$ cat structure.pdb   # PDB, C-alpha atoms
ATOM      1  CA  MET A   1     -32.767  -5.301  -3.229  1.00  0.00           C
ATOM      2  CA  ALA A   2     -32.606  -7.037  -6.585  1.00  0.00           C
ATOM      3  CA  LYS A   3     -30.284 -10.007  -6.685  1.00  0.00           C
ATOM      4  CA  ILE A   4     -27.477 -10.572  -9.149  1.00  0.00           C
ATOM      5  CA  GLU A   5     -27.303 -13.989 -10.757  1.00  0.00           C
ATOM      6  CA  LYS A   6     -24.400 -15.999  -9.366  1.00  0.00           C
ATOM      7  CA  LEU A   7     -22.578 -18.221 -11.827  1.00  0.00           C
ATOM      8  CA  THR A   8     -21.236 -21.643 -10.943  1.00  0.00           C
ATOM      9  CA  ILE A   9     -17.683 -20.547 -11.822  1.00  0.00           C
ATOM     10  CA  PRO A  10     -15.547 -20.939  -8.658  1.00  0.00           C
ATOM     11  CA  LEU A  11     -13.943 -17.726  -7.427  1.00  0.00           C
ATOM     12  CA  GLN A  12     -10.216 -17.716  -8.082  1.00  0.00           C
ATOM     13  CA  LYS A  13      -8.146 -17.551  -4.925  1.00  0.00           C
ATOM     14  CA  LYS A  14      -6.033 -14.878  -6.598  1.00  0.00           C
ATOM     15  CA  LEU A  15      -7.523 -12.677  -9.278  1.00  0.00           C
ATOM     16  CA  PRO A  16      -5.280 -11.064 -11.912  1.00  0.00           C
ATOM     17  CA  PRO A  17      -3.866  -7.801 -10.516  1.00  0.00           C
ATOM     18  CA  ARG A  18      -5.395  -5.719 -13.312  1.00  0.00           C
ATOM     19  CA  SER A  19      -8.829  -7.234 -12.635  1.00  0.00           C
ATOM     20  CA  VAL A  20      -8.557  -6.326  -8.940  1.00  0.00           C
ATOM     21  CA  GLU A  21      -7.547  -2.796  -9.963  1.00  0.00           C
ATOM     22  CA  ARG A  22     -10.594  -2.495 -12.233  1.00  0.00           C
ATOM     23  CA  LEU A  23     -12.943  -3.972  -9.606  1.00  0.00           C
ATOM     24  CA  SER A  24     -11.840  -1.231  -7.208  1.00  0.00           C
ATOM     25  CA  LYS A  25     -12.575   1.393  -9.890  1.00  0.00           C
ATOM     26  CA  TYR A  26     -15.968  -0.184 -10.630  1.00  0.00           C
ATOM     27  CA  ARG A  27     -16.930   0.028  -6.975  1.00  0.00           C
ATOM     28  CA  ARG A  28     -15.946   3.690  -6.599  1.00  0.00           C
ATOM     29  CA  LEU A  29     -17.928   4.658  -9.685  1.00  0.00           C
ATOM     30  CA  LEU A  30     -20.894   2.496  -8.690  1.00  0.00           C
ATOM     31  CA  SER A  31     -20.929   4.072  -5.217  1.00  0.00           C
ATOM     32  CA  MET A  32     -21.286   7.508  -6.794  1.00  0.00           C
ATOM     33  CA  LEU A  33     -24.062   6.281  -9.089  1.00  0.00           C
ATOM     34  CA  TYR A  34     -25.878   4.626  -6.183  1.00  0.00           C
ATOM     35  CA  ALA A  35     -25.633   7.819  -4.142  1.00  0.00           C
ATOM     36  CA  GLY A  36     -27.333   9.520  -7.079  1.00  0.00           C
ATOM     37  CA  ASN A  37     -30.234   7.031  -6.804  1.00  0.00           C
ATOM     38  CA  GLY A  38     -29.075   4.725  -9.570  1.00  0.00           C
ATOM     39  CA  GLU A  39     -30.410   1.173  -9.229  1.00  0.00           C
ATOM     40  CA  PHE A  40     -29.226  -0.804 -12.248  1.00  0.00           C
ATOM     41  CA  ILE A  41     -26.448  -0.559 -14.796  1.00  0.00           C
ATOM     42  CA  PHE A  42     -25.547  -2.448 -17.958  1.00  0.00           C
ATOM     43  CA  SER A  43     -21.984  -3.593 -18.638  1.00  0.00           C
ATOM     44  CA  HIS A  44     -21.720  -1.355 -21.711  1.00  0.00           C
ATOM     45  CA  ASP A  45     -22.628   1.717 -19.619  1.00  0.00           C
ATOM     46  CA  LEU A  46     -20.076   0.832 -16.930  1.00  0.00           C
ATOM     47  CA  ALA A  47     -17.483   0.263 -19.645  1.00  0.00           C
ATOM     48  CA  ARG A  48     -18.216   3.604 -21.335  1.00  0.00           C
ATOM     49  CA  LEU A  49     -17.851   5.526 -18.071  1.00  0.00           C
ATOM     50  CA  LEU A  50     -14.425   3.978 -17.441  1.00  0.00           C
ATOM     51  CA  ASN A  51     -13.138   3.880 -21.046  1.00  0.00           C
ATOM     52  CA  LEU A  52     -13.188   0.084 -21.154  1.00  0.00           C
ATOM     53  CA  THR A  53     -14.887  -2.452 -23.397  1.00  0.00           C
ATOM     54  CA  PRO A  54     -18.127  -4.177 -22.331  1.00  0.00           C
ATOM     55  CA  GLU A  55     -16.370  -7.508 -22.873  1.00  0.00           C
ATOM     56  CA  GLN A  56     -13.663  -6.565 -20.367  1.00  0.00           C
ATOM     57  CA  VAL A  57     -16.230  -5.549 -17.761  1.00  0.00           C
ATOM     58  CA  ARG A  58     -18.190  -8.774 -18.203  1.00  0.00           C
ATOM     59  CA  ARG A  59     -14.992 -10.875 -17.967  1.00  0.00           C
ATOM     60  CA  ASP A  60     -13.995  -9.165 -14.727  1.00  0.00           C
ATOM     61  CA  LEU A  61     -17.412  -9.707 -13.188  1.00  0.00           C
ATOM     62  CA  MET A  62     -17.519 -13.323 -14.347  1.00  0.00           C
ATOM     63  CA  LEU A  63     -14.189 -13.886 -12.553  1.00  0.00           C
ATOM     64  CA  ILE A  64     -15.972 -13.157  -9.270  1.00  0.00           C
ATOM     65  CA  GLY A  65     -18.914 -15.327 -10.287  1.00  0.00           C
ATOM     66  CA  LEU A  66     -21.426 -12.714 -11.490  1.00  0.00           C
ATOM     67  CA  SER A  67     -23.820 -12.500 -14.388  1.00  0.00           C
ATOM     68  CA  GLY A  68     -26.152  -9.615 -15.165  1.00  0.00           C
ATOM     69  CA  ASN A  69     -29.860  -9.600 -15.921  1.00  0.00           C
ATOM     70  CA  ARG A  70     -30.346  -9.172 -19.686  1.00  0.00           C
ATOM     71  CA  ARG A  71     -33.400  -6.993 -19.133  1.00  0.00           C
ATOM     72  CA  LYS A  72     -32.236  -4.777 -16.282  1.00  0.00           C
ATOM     73  CA  GLY A  73     -28.467  -5.196 -16.190  1.00  0.00           C
ATOM     74  CA  TYR A  74     -26.655  -5.390 -12.859  1.00  0.00           C
ATOM     75  CA  SER A  75     -28.059  -4.265  -9.525  1.00  0.00           C
ATOM     76  CA  ILE A  76     -25.691  -1.471  -8.470  1.00  0.00           C
ATOM     77  CA  ARG A  77     -26.112  -2.114  -4.734  1.00  0.00           C
ATOM     78  CA  ALA A  78     -25.506  -5.840  -5.144  1.00  0.00           C
ATOM     79  CA  LEU A  79     -22.460  -5.196  -7.319  1.00  0.00           C
ATOM     80  CA  ILE A  80     -20.961  -2.889  -4.695  1.00  0.00           C
ATOM     81  CA  ASP A  81     -21.537  -5.471  -1.955  1.00  0.00           C
ATOM     82  CA  ILE A  82     -20.122  -8.436  -3.865  1.00  0.00           C
ATOM     83  CA  ILE A  83     -17.042  -6.552  -5.066  1.00  0.00           C
ATOM     84  CA  GLY A  84     -16.471  -5.570  -1.434  1.00  0.00           C
ATOM     85  CA  GLU A  85     -16.800  -9.180  -0.284  1.00  0.00           C
ATOM     86  CA  THR A  86     -14.235 -10.151  -2.914  1.00  0.00           C
ATOM     87  CA  ILE A  87     -11.471  -7.584  -2.563  1.00  0.00           C
ATOM     88  CA  ASP A  88     -11.870  -6.368   1.016  1.00  0.00           C
ATOM     89  CA  LYS A  89     -10.824  -7.879   4.318  1.00  0.00           C
ATOM     90  CA  GLU A  90     -13.690  -7.701   6.816  1.00  0.00           C
ATOM     91  CA  GLU A  91     -11.675  -5.953   9.522  1.00  0.00           C
ATOM     92  CA  GLY A  92      -9.831  -3.798   6.995  1.00  0.00           C
ATOM     93  CA  TYR A  93      -6.106  -3.238   6.546  1.00  0.00           C
ATOM     94  CA  ASN A  94      -3.868  -1.111   8.729  1.00  0.00           C
ATOM     95  CA  VAL A  95      -1.648   1.091   6.580  1.00  0.00           C
ATOM     96  CA  ALA A  96       1.363   3.273   7.349  1.00  0.00           C
ATOM     97  CA  ILE A  97       3.094   5.923   5.299  1.00  0.00           C
ATOM     98  CA  VAL A  98       6.856   6.395   5.403  1.00  0.00           C
ATOM     99  CA  GLY A  99       7.936   9.900   4.476  1.00  0.00           C
ATOM    100  CA  VAL A 100       5.477  12.696   5.250  1.00  0.00           C
ATOM    101  CA  GLY A 101       6.608  15.528   3.048  1.00  0.00           C
ATOM    102  CA  ASN A 102       4.087  17.294   0.804  1.00  0.00           C
ATOM    103  CA  LEU A 103       3.307  14.136  -1.192  1.00  0.00           C
ATOM    104  CA  GLY A 104       3.008  11.964   1.912  1.00  0.00           C
ATOM    105  CA  ARG A 105       0.690  14.451   3.603  1.00  0.00           C
ATOM    106  CA  ALA A 106      -1.517  14.716   0.525  1.00  0.00           C
ATOM    107  CA  ILE A 107      -1.813  10.931   0.168  1.00  0.00           C
ATOM    108  CA  THR A 108      -2.577  10.498   3.866  1.00  0.00           C
ATOM    109  CA  ALA A 109      -5.296  13.153   3.821  1.00  0.00           C
ATOM    110  CA  PHE A 110      -6.836  11.680   0.653  1.00  0.00           C
ATOM    111  CA  ILE A 111      -7.023   8.129   2.021  1.00  0.00           C
ATOM    112  CA  ARG A 112      -8.425   9.257   5.381  1.00  0.00           C
ATOM    113  CA  LYS A 113     -11.303  11.003   3.589  1.00  0.00           C
ATOM    114  CA  ALA A 114     -12.049   8.086   1.281  1.00  0.00           C
ATOM    115  CA  GLN A 115     -14.681   5.453   2.020  1.00  0.00           C
ATOM    116  CA  THR A 116     -12.401   2.460   2.221  1.00  0.00           C
ATOM    117  CA  LYS A 117     -11.289  -0.386   4.457  1.00  0.00           C
ATOM    118  CA  LEU A 118      -7.764   1.040   4.459  1.00  0.00           C
ATOM    119  CA  ASN A 119      -6.959   2.536   7.852  1.00  0.00           C
ATOM    120  CA  ILE A 120      -3.990   4.910   7.994  1.00  0.00           C
ATOM    121  CA  THR A 121      -2.749   4.193  11.505  1.00  0.00           C
ATOM    122  CA  ALA A 122       0.788   5.596  11.502  1.00  0.00           C
ATOM    123  CA  ALA A 123       3.315   7.771   9.722  1.00  0.00           C
ATOM    124  CA  PHE A 124       7.108   7.573   9.953  1.00  0.00           C
ATOM    125  CA  ASP A 125       9.763  10.184   9.281  1.00  0.00           C
ATOM    126  CA  VAL A 126      13.265  11.303  10.307  1.00  0.00           C
ATOM    127  CA  ASP A 127      12.371  14.967  10.789  1.00  0.00           C
ATOM    128  CA  ALA A 128      12.399  15.831  14.500  1.00  0.00           C
ATOM    129  CA  ASN A 129       9.806  18.535  13.821  1.00  0.00           C
ATOM    130  CA  LYS A 130       7.324  15.881  12.656  1.00  0.00           C
ATOM    131  CA  ILE A 131       8.048  13.041  15.084  1.00  0.00           C
ATOM    132  CA  ASN A 132       5.635  12.687  18.029  1.00  0.00           C
ATOM    133  CA  ARG A 133       3.116  14.962  16.313  1.00  0.00           C
ATOM    134  CA  GLU A 134       0.009  14.339  14.237  1.00  0.00           C
ATOM    135  CA  ILE A 135       0.571  14.757  10.505  1.00  0.00           C
ATOM    136  CA  ALA A 136      -2.629  15.021   8.449  1.00  0.00           C
ATOM    137  CA  GLY A 137      -4.458  13.561  11.444  1.00  0.00           C
ATOM    138  CA  VAL A 138      -2.118  10.566  11.854  1.00  0.00           C
ATOM    139  CA  PRO A 139       0.505  10.086  14.622  1.00  0.00           C
ATOM    140  CA  CYS A 140       4.065  10.338  13.282  1.00  0.00           C
ATOM    141  CA  TYR A 141       6.852   8.182  14.727  1.00  0.00           C
ATOM    142  CA  ASP A 142      10.605   8.052  14.356  1.00  0.00           C
ATOM    143  CA  ILE A 143      11.496   5.836  11.412  1.00  0.00           C
ATOM    144  CA  LEU A 144      13.602   3.670  13.761  1.00  0.00           C
ATOM    145  CA  ARG A 145      10.362   2.624  15.479  1.00  0.00           C
ATOM    146  CA  ILE A 146       9.064   0.843  12.381  1.00  0.00           C
ATOM    147  CA  PRO A 147       9.759  -2.715  13.698  1.00  0.00           C
ATOM    148  CA  ASP A 148       7.902  -2.327  16.992  1.00  0.00           C
ATOM    149  CA  MET A 149       5.036  -0.182  15.628  1.00  0.00           C
ATOM    150  CA  VAL A 150       4.381  -2.539  12.703  1.00  0.00           C
ATOM    151  CA  LYS A 151       3.802  -5.319  15.214  1.00  0.00           C
ATOM    152  CA  LYS A 152       1.972  -3.191  17.783  1.00  0.00           C
ATOM    153  CA  LEU A 153      -0.457  -1.682  15.238  1.00  0.00           C
ATOM    154  CA  ASN A 154      -0.676  -4.773  13.024  1.00  0.00           C
ATOM    155  CA  ILE A 155       0.403  -2.794   9.963  1.00  0.00           C
ATOM    156  CA  SER A 156       0.331  -4.903   6.794  1.00  0.00           C
ATOM    157  CA  ILE A 157       0.647  -2.284   4.032  1.00  0.00           C
ATOM    158  CA  VAL A 158       3.093   0.616   3.756  1.00  0.00           C
ATOM    159  CA  ILE A 159       3.215   3.541   1.332  1.00  0.00           C
ATOM    160  CA  LEU A 160       6.735   4.735   0.500  1.00  0.00           C
ATOM    161  CA  THR A 161       7.232   8.434  -0.307  1.00  0.00           C
ATOM    162  CA  VAL A 162      10.878   8.852   0.671  1.00  0.00           C
ATOM    163  CA  PRO A 163      14.023  10.089  -1.118  1.00  0.00           C
ATOM    164  CA  SER A 164      15.468   7.616  -3.600  1.00  0.00           C
ATOM    165  CA  ASP A 165      18.759   7.167  -1.736  1.00  0.00           C
ATOM    166  CA  VAL A 166      17.083   5.607   1.304  1.00  0.00           C
ATOM    167  CA  VAL A 167      14.361   3.526  -0.370  1.00  0.00           C
ATOM    168  CA  LYS A 168      16.312   0.259  -0.409  1.00  0.00           C
ATOM    169  CA  ASP A 169      17.288   0.406   3.271  1.00  0.00           C
ATOM    170  CA  ILE A 170      13.759   1.329   4.351  1.00  0.00           C
ATOM    171  CA  SER A 171      12.135  -1.382   2.230  1.00  0.00           C
ATOM    172  CA  ASP A 172      14.480  -3.957   3.804  1.00  0.00           C
ATOM    173  CA  LEU A 173      13.501  -2.699   7.258  1.00  0.00           C
ATOM    174  CA  LEU A 174       9.803  -2.920   6.392  1.00  0.00           C
ATOM    175  CA  ILE A 175      10.096  -6.462   5.064  1.00  0.00           C
ATOM    176  CA  HIS A 176      12.068  -7.642   8.098  1.00  0.00           C
ATOM    177  CA  SER A 177       9.404  -6.034  10.298  1.00  0.00           C
ATOM    178  CA  GLY A 178       6.668  -8.167   8.719  1.00  0.00           C
ATOM    179  CA  VAL A 179       5.039  -5.801   6.220  1.00  0.00           C
ATOM    180  CA  LYS A 180       3.275  -7.781   3.449  1.00  0.00           C
ATOM    181  CA  GLY A 181       2.448  -5.065   0.920  1.00  0.00           C
ATOM    182  CA  ILE A 182       4.301  -1.980  -0.343  1.00  0.00           C
ATOM    183  CA  LEU A 183       3.094   0.848  -2.562  1.00  0.00           C
ATOM    184  CA  ASN A 184       6.262   2.433  -3.920  1.00  0.00           C
ATOM    185  CA  PHE A 185       5.915   6.071  -4.989  1.00  0.00           C
ATOM    186  CA  THR A 186       9.619   6.336  -5.852  1.00  0.00           C
ATOM    187  CA  SER A 187      11.334   5.501  -9.146  1.00  0.00           C
ATOM    188  CA  VAL A 188      13.707   3.031  -7.478  1.00  0.00           C
ATOM    189  CA  HIS A 189      13.414  -0.637  -8.456  1.00  0.00           C
ATOM    190  CA  LEU A 190      12.941  -2.822  -5.396  1.00  0.00           C
ATOM    191  CA  ASP A 191      13.944  -6.481  -5.271  1.00  0.00           C
ATOM    192  CA  ILE A 192      11.633  -7.995  -2.691  1.00  0.00           C
ATOM    193  CA  PRO A 193      10.677 -11.532  -1.555  1.00  0.00           C
ATOM    194  CA  SER A 194       7.867 -13.339  -3.356  1.00  0.00           C
ATOM    195  CA  ASP A 195       5.646 -13.265  -0.267  1.00  0.00           C
ATOM    196  CA  VAL A 196       5.573  -9.448  -0.256  1.00  0.00           C
ATOM    197  CA  TYR A 197       3.316  -7.734  -2.794  1.00  0.00           C
ATOM    198  CA  LEU A 198       4.859  -4.677  -4.456  1.00  0.00           C
ATOM    199  CA  LYS A 199       3.007  -2.041  -6.460  1.00  0.00           C
ATOM    200  CA  ASP A 200       5.068   0.683  -8.136  1.00  0.00           C
ATOM    201  CA  TYR A 201       3.656   4.086  -8.982  1.00  0.00           C
ATOM    202  CA  ASP A 202       6.140   5.999 -11.133  1.00  0.00           C
ATOM    203  CA  ILE A 203       4.721   9.379 -12.105  1.00  0.00           C
ATOM    204  CA  ILE A 204       7.460  10.020 -14.699  1.00  0.00           C
ATOM    205  CA  THR A 205       6.700   6.754 -16.498  1.00  0.00           C
ATOM    206  CA  SER A 206       2.987   7.547 -16.441  1.00  0.00           C
ATOM    207  CA  LEU A 207       3.542  11.028 -17.876  1.00  0.00           C
ATOM    208  CA  GLU A 208       5.897   9.715 -20.572  1.00  0.00           C
ATOM    209  CA  GLU A 209       3.263   7.146 -21.529  1.00  0.00           C
ATOM    210  CA  ILE A 210       0.694   9.933 -21.892  1.00  0.00           C
ATOM    211  CA  GLY A 211       3.184  11.995 -23.884  1.00  0.00           C
ATOM    212  CA  PHE A 212       3.773   9.116 -26.301  1.00  0.00           C
ATOM    213  CA  PHE A 213       0.074   8.688 -27.017  1.00  0.00           C
ATOM    214  CA  ILE A 214      -0.662  12.378 -27.536  1.00  0.00           C
ATOM    215  CA  LYS A 215       2.371  13.349 -29.630  1.00  0.00           C
TER     216      LYS A 215
END
$ encode --input "structure.pdb" --output "structure tokens"
Amino acid sequence: MAKIEKLTIPLQKKLPPRSVERLSKYRRLLSMLYAGNGEFIFSHDLARLLNLTPEQVRRDLMLIGLSGNRRKGYSIRALIDIIGETIDKEEGYNVAIVGVGNLGRAITAFIRKAQTKLNITAAFDVDANKINREIAGVPCYDILRIPDMVKKLNISIVILTVPSDVVKDISDLLIHSGVKGILNFTSVHLDIPSDVYLKDYDIITSLEEIGFFIK
């Protein structure tokens, strides 16, 4: 396997969130290209495929200490491996989903099929027809069992797909149970401690942004 040149720039302990987001996208695209027998890629080609600028791609890769070969570009396999070493945890992350309606089921099924170090280990709900059953291949527990199951299953990340009126109470329960990362699929603003990482995904905001740029 061809080697990528490593720069002497020290790897930042914490990369900018947007850079981590783009690194994840780079890896997914590169994995598809590698599966199609691609061996090398230039920054301008990677940028074009993801609607970015070559300068942005090169800056992101320099942040993790990488430089391409001017003649061949970047080794795709090496890029995939080094991005993985940077953003992954070797043993992976145990993830739970709270709220397994249609959206929760779809997200769970999608993640379980993806090639990722994210392991969906539990689901939580209040519906008696879902509790103590497998939902999308994942065991579903009563929402009141969050504290003990978070500890028992070493759950560090939770996806929230619950009604807006219960989001605050559930997020408080998750934080007190030791959860360190929350992906919030609701439109409710959450005020959380600085040691818990929150990522909001508001579909209405995203659609309104698209609407603004196409009007």
$ resolve_selection --input "structure.pdb" --expression "the PyMOL selection byres ((chain A and resi 87) around 10)" --output "PyMOL selection string"
chain A and resi 14-15+20-21+23-24+64+82-86+88-90
$ residues_around --input "structure.pdb" --residues "Ser43 (chain A)" --least-positions-apart "6" --cutoff "12 Å" --atoms "all atoms listed in the file" --output "number ranges by chain"
A: 26, 30, 49-62, 66-76, 79
$ closest_residue --input "structure.pdb" --among "A:Gly38, A:Pro147, A:Gly65, A:Pro139" --to "Ile97 (chain A)" --atoms "all atoms listed in the file"
A:Pro139
$ axis_aligned_box --input "structure.pdb" --around "region 113-120 of chain A" --padding-each-side "8 Å" --output "JSON"
{"center_x": -9.3, "center_y": 5.3, "center_z": 4.6, "size_x": 26.7, "size_y": 27.4, "size_z": 22.7}
$ residues_near_point --input "structure.pdb" --point "(0.0, 2.4, -2.4)" --cutoff "12 Å" --atoms "all atoms listed in the file" --output "PDB file with C-alpha atoms, in the coordinates of the input"
ATOM      1  CA  GLU A  21      -7.547  -2.796  -9.963  1.00  0.00           C
ATOM      2  CA  VAL A  95      -1.648   1.091   6.580  1.00  0.00           C
ATOM      3  CA  ALA A  96       1.363   3.273   7.349  1.00  0.00           C
ATOM      4  CA  ILE A  97       3.094   5.923   5.299  1.00  0.00           C
ATOM      5  CA  VAL A  98       6.856   6.395   5.403  1.00  0.00           C
ATOM      6  CA  GLY A 104       3.008  11.964   1.912  1.00  0.00           C
ATOM      7  CA  ILE A 107      -1.813  10.931   0.168  1.00  0.00           C
ATOM      8  CA  THR A 108      -2.577  10.498   3.866  1.00  0.00           C
ATOM      9  CA  PHE A 110      -6.836  11.680   0.653  1.00  0.00           C
ATOM     10  CA  ILE A 111      -7.023   8.129   2.021  1.00  0.00           C
ATOM     11  CA  LEU A 118      -7.764   1.040   4.459  1.00  0.00           C
ATOM     12  CA  ILE A 120      -3.990   4.910   7.994  1.00  0.00           C
ATOM     13  CA  SER A 156       0.331  -4.903   6.794  1.00  0.00           C
ATOM     14  CA  ILE A 157       0.647  -2.284   4.032  1.00  0.00           C
ATOM     15  CA  VAL A 158       3.093   0.616   3.756  1.00  0.00           C
ATOM     16  CA  ILE A 159       3.215   3.541   1.332  1.00  0.00           C
ATOM     17  CA  LEU A 160       6.735   4.735   0.500  1.00  0.00           C
ATOM     18  CA  THR A 161       7.232   8.434  -0.307  1.00  0.00           C
ATOM     19  CA  GLY A 181       2.448  -5.065   0.920  1.00  0.00           C
ATOM     20  CA  ILE A 182       4.301  -1.980  -0.343  1.00  0.00           C
ATOM     21  CA  LEU A 183       3.094   0.848  -2.562  1.00  0.00           C
ATOM     22  CA  ASN A 184       6.262   2.433  -3.920  1.00  0.00           C
ATOM     23  CA  PHE A 185       5.915   6.071  -4.989  1.00  0.00           C
ATOM     24  CA  THR A 186       9.619   6.336  -5.852  1.00  0.00           C
ATOM     25  CA  TYR A 197       3.316  -7.734  -2.794  1.00  0.00           C
ATOM     26  CA  LEU A 198       4.859  -4.677  -4.456  1.00  0.00           C
ATOM     27  CA  LYS A 199       3.007  -2.041  -6.460  1.00  0.00           C
ATOM     28  CA  ASP A 200       5.068   0.683  -8.136  1.00  0.00           C
ATOM     29  CA  TYR A 201       3.656   4.086  -8.982  1.00  0.00           C
ATOM     30  CA  ASP A 202       6.140   5.999 -11.133  1.00  0.00           C
TER      31      ASP A 202
END
$ closest_residue --input "structure.pdb" --among "A:Lys151, A:His176, A:His189, A:Arg133" --to "Ser164 (chain A)" --atoms "all atoms listed in the file"
A:His189
$ atom_distance --input "structure.pdb" --atom1 "CA of Lys113 (chain A)" --atom2 "CA of Val100 (chain A)"
16.9 Å
$ residues_near_point --input "structure.pdb" --point "(15.9, 10.6, 16.4)" --cutoff "7 Å" --atoms "only C-alpha atoms" --output "list in words"
Val126, Ala128 and Asp142 of chain A
$ closest_residue --input "structure.pdb" --among "A:Ser206, A:Asn37, A:Lys180, A:Asp165" --to "Tyr93 (chain A)" --atoms "all atoms listed in the file"
A:Lys180
$ residues_around --input "structure.pdb" --residues "Asn129 (chain A)" --least-positions-apart "2" --cutoff "12 Å" --atoms "all atoms listed in the file" --output "ChimeraX atom specification"
/A:100-101,124-127,131-135,140-142
$ atom_distance --input "structure.pdb" --atom1 "CA of Asn154 (chain A)" --atom2 "CA of Asn94 (chain A)"
6.5 Å
$ atom_distance --input "structure.pdb" --atom1 "CA of Ala106 (chain A)" --atom2 "CA of Asp172 (chain A)"
24.8 Å
$ closest_residue --input "structure.pdb" --among "A:Lys130, A:Arg22, A:Lys117, A:Arg105" --to "Leu63 (chain A)" --atoms "only C-alpha atoms"
A:Arg22
$ closest_residue --input "structure.pdb" --among "A:Val188, A:Leu207, A:Met149, A:Ile155" --to "Val167 (chain A)" --atoms "only C-alpha atoms"
A:Val188
$ closest_residue --input "structure.pdb" --among "A:Leu46, A:Val179, A:Ile41, A:Leu103" --to "Lys25 (chain A)" --atoms "all atoms listed in the file"
A:Leu46
$ decode --input "structure.pdb" --residues "region 15-43 of chain A" --atoms "C-alpha atoms" --output "PDB file, in the first residue's frame"
ATOM      1  CA  LEU A  15     -10.502  19.241  15.741  1.00  0.00           C
ATOM      2  CA  PRO A  16     -13.088  21.844  14.688  1.00  0.00           C
ATOM      3  CA  PRO A  17     -16.537  20.205  14.591  1.00  0.00           C
ATOM      4  CA  ARG A  18     -17.034  21.024  10.907  1.00  0.00           C
ATOM      5  CA  SER A  19     -13.682  19.421  10.044  1.00  0.00           C
ATOM      6  CA  VAL A  20     -14.681  16.226  11.874  1.00  0.00           C
ATOM      7  CA  GLU A  21     -17.987  16.267   9.976  1.00  0.00           C
ATOM      8  CA  ARG A  22     -16.164  16.589   6.645  1.00  0.00           C
ATOM      9  CA  LEU A  23     -13.612  13.894   7.555  1.00  0.00           C
ATOM     10  CA  SER A  24     -16.500  11.485   8.138  1.00  0.00           C
ATOM     11  CA  LYS A  25     -17.926  12.385   4.708  1.00  0.00           C
ATOM     12  CA  TYR A  26     -14.504  11.973   3.076  1.00  0.00           C
ATOM     13  CA  ARG A  27     -14.173   8.487   4.512  1.00  0.00           C
ATOM     14  CA  ARG A  28     -17.612   7.334   3.345  1.00  0.00           C
ATOM     15  CA  LEU A  29     -16.956   8.574  -0.181  1.00  0.00           C
ATOM     16  CA  LEU A  30     -13.426   7.161  -0.224  1.00  0.00           C
ATOM     17  CA  SER A  31     -14.728   3.767   0.928  1.00  0.00           C
ATOM     18  CA  MET A  32     -17.057   3.657  -2.069  1.00  0.00           C
ATOM     19  CA  LEU A  33     -14.244   4.668  -4.423  1.00  0.00           C
ATOM     20  CA  TYR A  34     -11.913   2.057  -2.930  1.00  0.00           C
ATOM     21  CA  ALA A  35     -14.575  -0.622  -3.320  1.00  0.00           C
ATOM     22  CA  GLY A  36     -14.666   0.368  -6.984  1.00  0.00           C
ATOM     23  CA  ASN A  37     -10.903  -0.315  -7.231  1.00  0.00           C
ATOM     24  CA  GLY A  38      -9.799   3.288  -6.895  1.00  0.00           C
ATOM     25  CA  GLU A  39      -6.242   3.656  -5.581  1.00  0.00           C
ATOM     26  CA  PHE A  40      -5.394   7.359  -5.555  1.00  0.00           C
ATOM     27  CA  ILE A  41      -7.287  10.626  -5.494  1.00  0.00           C
ATOM     28  CA  PHE A  42      -6.319  14.282  -5.771  1.00  0.00           C
ATOM     29  CA  SER A  43      -7.729  16.894  -3.391  1.00  0.00           C
TER      30      SER A  43
END
